[in-house]
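Enquirer: One structure, pasted below without further comment.
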Amino acid sequence: MTQQTPDGWRLFRGDRVAREVEFPEAPPWRQFGDGPGGRPRHRPYLIGRTEADVVSAALHLRRPLLVTGHPGTGKSSLAHAIAHELSLGPVLQWPVNSRSVLKDALYGYDAIGRLRETHLRQERGDPEPDIGTYVRLGPLGTALVPRDRPRLLLVDELDKGDVDLPNDLLTVFEEGEFEIPELSRLPETQSEVPVLTHGSGGERVTVTRGVVRCREFPVVVITSNGERDFPPAFMRRCVRLDLPDPDEARLRDIVAAHLGEDALSDVDDLLHAFLNRRAPGELATDQLLNAVFLRKGGVDLDAEGLLDAVLHRLGGMV
């Protein structure tokens, strides 16, 4: 039997009493899967005219858009907003970390899996497996597949990668192509090989002579938290957009866009607390949205330590 807990919003009480509670609706930005009517969910994104014009310039020039700004200023969300507004399909995302290398973004080849399957088939007297079954294009490789309309590639937090990674990307960005040696070495009778693309859709594309060459250069959005500088040669080939921290008026617009105009009627104290605590890079806009959402759900943010838990600083030790 489902029961509501006492004190309304307190789902967990820490009293060691087992109960089934009715979970409230999640915040819009924490809802997954398809939206109404089976359409992909779209989250509102607000951007100024000046910043939007920089995006358009990068699109005209077919150059990567390098987006910088403090955490929480909407760098990654911008990529999804562009893909939605221009009907470019799902975003191809490459989250970069200290172990990321260019090949990971281009393609992967499961040599061990193919060798194992080959041995099993030889024992049964069956023909060898198709090599294309063991090649899957990565997010960058999939973005470079020749199409009439480009796909959008998000290279997320490039500054977390190895210092040589930006230079490694230059050749691919300039040439718009790359080679898969495992396929280019095949005999002429196997010049065309269907391979899997990045994502869960199971799409296959045909690679000829081991070369993937784009027809339209993909829309590339690269984000950086500014943790380190990039080489001049790389910067010269990018269009740069620096997203500022939103001011009070923009914060009110963001709250209204995500939670409705009625959320602004009881937000002044939370907004002022957010602005008073915020220093460059110390608080993210989604933390304010979290606080407003909890307030709308009847959560007592004046409870001891709760506002501090929601509006905690991003830097320093946890």
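Labeling convention for the structure tokens: chains A, B, ... as they appear, residues from 1 per chain, ligands from 1 in order of appearance.
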For region 260-265 of chain A, please output as a VMD selection string all residues within 10 Å (counting only C-alpha atoms; exclusion window: fewer than 4 positions along the same chain).

Expert: chain A and resid 252 to 256 271 292 to 293 295 to 296

Enquirer: Wanna dump the region 194-250 of chain A-region 66-88 of chain A contacts at 8 Å for me, each residue with its shortest atom pair and the distance in Å to one decimal, counting only C-alpha atoms, ordered by chain and number, as a tab-separated table?

Expert:
residue	atom	partner	partner_atom	distance
A:Val221	CA	A:Leu66	CA	6.1
A:Ile222	CA	A:Leu66	CA	4.7
A:Thr223	CA	A:Val67	CA	4.8
A:Ser224	CA	A:Thr68	CA	5.0
A:Asn225	CA	A:Gly69	CA	5.7
A:Gly226	CA	A:Thr68	CA	6.4
A:Cys238	CA	A:Leu66	CA	6.1
A:Val239	CA	A:Leu66	CA	6.0
A:Arg240	CA	A:Leu66	CA	4.7
A:Leu241	CA	A:Val67	CA	4.8
A:Asp242	CA	A:Thr68	CA	4.7
A:Leu243	CA	A:Gly69	CA	5.1
A:Pro244	CA	A:Gly69	CA	6.4
A:Asp245	CA	A:Thr73	CA	6.1
A:Pro246	CA	A:Thr73	CA	7.5

Enquirer: Ranking A:Leu294, A:Leu307, A:Ile180, A:Ala273 by minimum distance to Glu25 (chain A) and counting only C-alpha atoms, which one comes first?

Expert: A:Leu294

Enquirer: Measuring atom to atom with only C-alpha atoms, identify which of A:Cys214, A:Leu46, A:Ala279, A:Leu154 is nearest to Phe173 (chain A).

Expert: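 Looking only at the distances to Phe173 (chain A), the closest residue turns out to be A:Cys214.
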
Enquirer: Show me, as number ranges by chain, the residues that have an atom within 7 Å of Gly210 (chain A) when counting only C-alpha atoms, minus same-chain residues fewer than 6 positions from it.

Expert: A: 179-181, 183-184

Enquirer: Among region 115-189 of chain A, which ones does DSSP place in strand (DSSP E), written as a list in words?

Expert: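 Taking region 115-189 of chain A and keeping strand (DSSP E) only, one gets Val135, Arg136, Leu137, Leu152, Leu153, Leu154, Val155, Asp156, Glu177, Phe178 and Glu179 of chain A.
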
Enquirer: If you run DSSP on the backbone here, which positions in region 14-174 of chain A get helix (DSSP H, G or I)? Please write them as JSON, numbers by chain.

Expert: {"A": [28, 29, 30, 36, 37, 38, 49, 50, 51, 52, 53, 54, 55, 56, 57, 58, 59, 60, 61, 75, 76, 77, 78, 79, 80, 81, 82, 83, 84, 85, 102, 103, 104, 105, 106, 111, 112, 113, 114, 115, 116, 117, 118, 119, 120, 121, 122, 123, 124, 131, 132, 133, 134, 139, 140, 141, 142, 143, 158, 159, 160, 165, 166, 167, 168, 169, 170, 171, 172, 173, 174]}

Enquirer: Mind dumping a table of every region 95-114 of chain A residue within 12 Å of region 159-162 of chain A, with the nearest atom pair and its distance in Å to one decimal, using only C-alpha atoms, sorted by chain and rising number, as a Markdown table?

Expert:
| residue | atom | partner | partner_atom | distance |
| --- | --- | --- | --- | --- |
| A:Pro95 | CA | A:Lys160 | CA | 9.4 |
| A:Val96 | CA | A:Gly161 | CA | 5.8 |
| A:Asn97 | CA | A:Gly161 | CA | 5.0 |
| A:Ser98 | CA | A:Gly161 | CA | 4.5 |
| A:Arg99 | CA | A:Gly161 | CA | 6.8 |
| A:Ser100 | CA | A:Gly161 | CA | 6.1 |
| A:Val101 | CA | A:Asp162 | CA | 7.9 |
| A:Leu102 | CA | A:Asp162 | CA | 10.2 |

Enquirer: Would you save the residues of that selection, restricted to all heavy atoms, as a short mmCIF file (atom, residue, chain, number, x, y, z; two decimals), in the first residue's frame?

Expert:
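Result file out06.cif:
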data_model
loop_
_atom_site.label_atom_id
_atom_site.label_comp_id
_atom_site.auth_asym_id
_atom_site.auth_seq_id
_atom_site.Cartn_x
_atom_site.Cartn_y
_atom_site.Cartn_z
N PRO A 95 32.59 12.88 -24.31
CA PRO A 95 33.08 13.45 -23.06
C PRO A 95 34.57 13.15 -22.90
O PRO A 95 34.98 11.99 -22.85
CB PRO A 95 32.24 12.74 -21.99
CG PRO A 95 31.83 11.45 -22.63
CD PRO A 95 31.77 11.68 -24.11
N VAL A 96 35.39 14.17 -22.82
CA VAL A 96 36.84 14.02 -22.79
C VAL A 96 37.32 13.90 -21.35
O VAL A 96 36.83 14.60 -20.46
CB VAL A 96 37.52 15.21 -23.49
CG1 VAL A 96 39.04 15.12 -23.37
CG2 VAL A 96 37.10 15.27 -24.95
N ASN A 97 38.29 13.00 -21.12
CA ASN A 97 38.97 12.92 -19.83
C ASN A 97 40.46 12.77 -20.07
O ASN A 97 40.92 12.80 -21.22
CB ASN A 97 38.41 11.77 -18.98
CG ASN A 97 38.51 10.42 -19.68
OD1 ASN A 97 39.57 10.04 -20.18
ND2 ASN A 97 37.40 9.70 -19.74
N SER A 98 41.22 12.58 -19.01
CA SER A 98 42.67 12.56 -19.12
C SER A 98 43.19 11.37 -19.92
O SER A 98 44.34 11.37 -20.38
CB SER A 98 43.30 12.54 -17.72
OG SER A 98 42.87 11.40 -16.99
N ARG A 99 42.36 10.34 -20.12
CA ARG A 99 42.79 9.15 -20.87
C ARG A 99 42.29 9.14 -22.31
O ARG A 99 42.56 8.20 -23.05
CB ARG A 99 42.29 7.88 -20.15
CG ARG A 99 42.83 7.72 -18.73
CD ARG A 99 42.28 6.49 -18.06
NE ARG A 99 40.82 6.54 -17.98
CZ ARG A 99 40.14 7.19 -17.04
NH1 ARG A 99 40.81 7.88 -16.12
NH2 ARG A 99 38.83 7.19 -17.02
N SER A 100 41.56 10.16 -22.71
CA SER A 100 40.97 10.19 -24.05
C SER A 100 42.05 10.37 -25.12
O SER A 100 42.97 11.17 -24.96
CB SER A 100 39.96 11.34 -24.16
OG SER A 100 38.88 11.16 -23.27
N VAL A 101 41.91 9.61 -26.20
CA VAL A 101 42.78 9.76 -27.36
C VAL A 101 41.90 9.89 -28.60
O VAL A 101 40.73 9.52 -28.60
CB VAL A 101 43.75 8.56 -27.52
CG1 VAL A 101 44.71 8.49 -26.34
CG2 VAL A 101 42.97 7.25 -27.64
N LEU A 102 42.48 10.44 -29.66
CA LEU A 102 41.71 10.72 -30.87
C LEU A 102 41.04 9.47 -31.43
O LEU A 102 39.89 9.51 -31.86
CB LEU A 102 42.62 11.36 -31.92
CG LEU A 102 41.97 11.68 -33.27
CD1 LEU A 102 40.83 12.68 -33.09
CD2 LEU A 102 43.01 12.22 -34.24
#

Enquirer: Can you work out which one of A:Trp29, A:Phe12, A:Tyr134, A:Phe178 has the shortest atom-to-atom distance to Leu259 (chain A), counting only C-alpha atoms?

Expert: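 Residue with the minimum atom-to-atom distance to Leu259 (chain A): A:Trp29.
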